[in-house]
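Novice: For reference, this is entry.cif, and it has mmCIF, C-alpha atoms.
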```
data_final
#
loop_
_atom_site.label_atom_id
_atom_site.label_comp_id
_atom_site.auth_asym_id
_atom_site.auth_seq_id
_atom_site.Cartn_x
_atom_site.Cartn_y
_atom_site.Cartn_z
CA MET A 1 105.29 113.08 120.23
CA THR A 2 108.62 112.49 121.84
CA GLY A 3 110.48 111.45 118.73
CA LEU A 4 109.51 107.77 118.69
CA ASP A 5 108.34 108.03 115.09
CA GLN A 6 111.53 109.68 113.88
CA ASP A 7 113.68 106.61 114.35
CA LEU A 8 111.57 103.48 113.97
CA PRO A 9 113.46 100.17 113.89
CA ALA A 10 113.93 98.60 110.47
CA GLU A 11 111.63 95.68 111.33
CA VAL A 12 108.80 98.08 112.15
CA VAL A 13 109.34 100.08 108.95
CA ALA A 14 109.38 96.86 106.91
CA ALA A 15 106.07 95.77 108.46
CA LEU A 16 104.54 99.17 107.66
CA GLU A 17 105.73 98.99 104.07
CA ARG A 18 104.05 95.59 103.75
CA GLY A 19 100.83 97.16 105.03
CA GLN A 20 100.92 95.27 108.34
CA LYS A 21 100.13 98.06 110.78
CA ILE A 22 99.14 95.80 113.70
CA GLU A 23 102.32 93.76 113.30
CA ALA A 24 104.34 96.99 113.29
CA ILE A 25 102.70 98.08 116.55
CA LYS A 26 103.42 94.69 118.15
CA LEU A 27 107.04 94.79 117.02
CA LEU A 28 107.54 98.33 118.27
CA ARG A 29 106.10 97.43 121.67
CA GLU A 30 108.40 94.41 121.94
CA LEU A 31 111.52 96.22 120.76
CA ARG A 32 111.07 99.42 122.75
CA GLY A 33 109.13 98.14 125.76
CA ILE A 34 106.50 100.86 125.43
CA GLY A 35 102.75 100.84 125.90
CA LEU A 36 100.09 100.22 123.31
CA LYS A 37 99.07 103.88 122.97
CA GLU A 38 102.64 105.10 122.52
CA ALA A 39 103.38 102.43 119.91
CA LYS A 40 100.13 103.08 118.05
CA ASP A 41 100.77 106.83 118.02
CA ALA A 42 104.30 106.32 116.71
CA VAL A 43 103.09 104.00 113.94
CA ASP A 44 100.18 106.32 113.07
CA ASP A 45 102.55 109.29 112.82
CA TYR A 46 105.01 107.44 110.59
CA THR A 47 105.23 108.55 106.98
CA PRO A 48 107.73 107.21 104.43
CA GLU A 49 109.03 110.75 103.83
CA ARG A 50 110.40 110.83 107.37
CA ARG A 51 112.87 108.05 106.61
CA SER A 52 116.31 109.52 106.26
CA GLY A 53 117.96 109.04 102.92
CA SER A 54 115.21 108.40 100.43
CA ALA A 55 111.75 109.47 99.51
CA SER A 56 110.03 107.70 96.67
CA VAL A 57 108.41 109.91 94.06
CA VAL A 58 106.91 107.05 92.04
CA GLN A 59 104.43 104.78 93.76
CA SER A 60 103.69 101.31 92.56
CA GLY A 61 100.19 100.36 91.59
CA GLY A 62 97.42 102.56 90.35
CA ARG A 63 96.37 103.27 86.81
CA GLY A 64 98.97 105.88 85.90
CA GLY A 65 101.05 103.41 83.90
CA ILE A 66 98.04 102.23 81.93
CA PHE A 67 97.20 105.77 80.86
CA TRP A 68 100.79 106.38 79.75
CA LEU A 69 100.78 103.16 77.74
CA LEU A 70 97.44 104.01 76.15
CA GLY A 71 98.71 107.49 75.27
CA LEU A 72 101.84 106.08 73.67
CA LEU A 73 99.77 103.62 71.63
CA VAL A 74 97.50 106.42 70.38
CA LEU A 75 100.51 108.56 69.55
CA GLY A 76 102.18 105.68 67.73
CA ALA A 77 99.02 104.99 65.71
CA ALA A 78 98.72 108.69 64.80
CA VAL A 79 102.35 108.83 63.63
CA ALA A 80 101.94 105.60 61.64
CA TRP A 81 98.76 106.95 60.02
CA TRP A 82 100.45 110.27 59.25
CA PHE A 83 103.32 108.60 57.45
CA GLY A 84 101.05 106.15 55.61
CA ALA A 85 101.96 102.93 57.36
CA PHE A 86 98.28 101.94 57.61
#
```
Since I need it in another form, could you write the structure as structure tokens?
Specialist:
Amino acid sequence: MTGLDQDLPAEVVAALERGQKIEAIKLLRELRGIGLKEAKDAVDDYTPERRSGSASVVQSGGRGGIFWLLGLLVLGAAVAWWFGAF
């Protein structure tokens, strides 16, 4: 790759973050005047970690938060039982 994926325009990155890969390819082709294959390769090679400045450690969605909440509820019930609140 010739570095196209290293510096994607903000509009293209925003489309990728919304999950709109085809829209990102269209935008990149319009903005850079490149061919379909080059734009598709650049979008396929893009990863959020390549953005300069920030890399998110926590991802939204999934069931991780539910398991934490369930664990806290069980822990709270155990502590309440231990100290005779029930």
Novice: Quick one: pull the distance between CA of Glu23 (chain A) and CA of Tyr46 (chain A), Å, one decimal.
Specialist: 14.2 Å
Novice: Evaluate the PyMOL selection byres ((chain A and resi 25) around 12) against this structure - the residues, as number ranges by chain, please.
Specialist: A: 5, 8-9, 11-16, 19-24, 26-46
Novice: Work out where the centre of an axis-aligned box around every listed atom of region 21-33 of chain A lies and how long its edges are once 4 Å is added on each side; give both in Å to one decimal as AutoDock Vina command-line options.
Specialist:
```
--center_x 105.3 --center_y 96.6 --center_z 118.3 --size_x 20.4 --size_y 13.7 --size_z 23.0
```
Novice: Find the distance between CA of Ile66 (chain A) and CA of Gly84 (chain A) and write it in Å to one decimal.
Specialist: 26.8 Å
Novice: To one decimal in Å, tell me the separation between CA of Leu70 (chain A) and CA of Arg18 (chain A).
Specialist: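 Those two atoms sit 29.6 Å apart.
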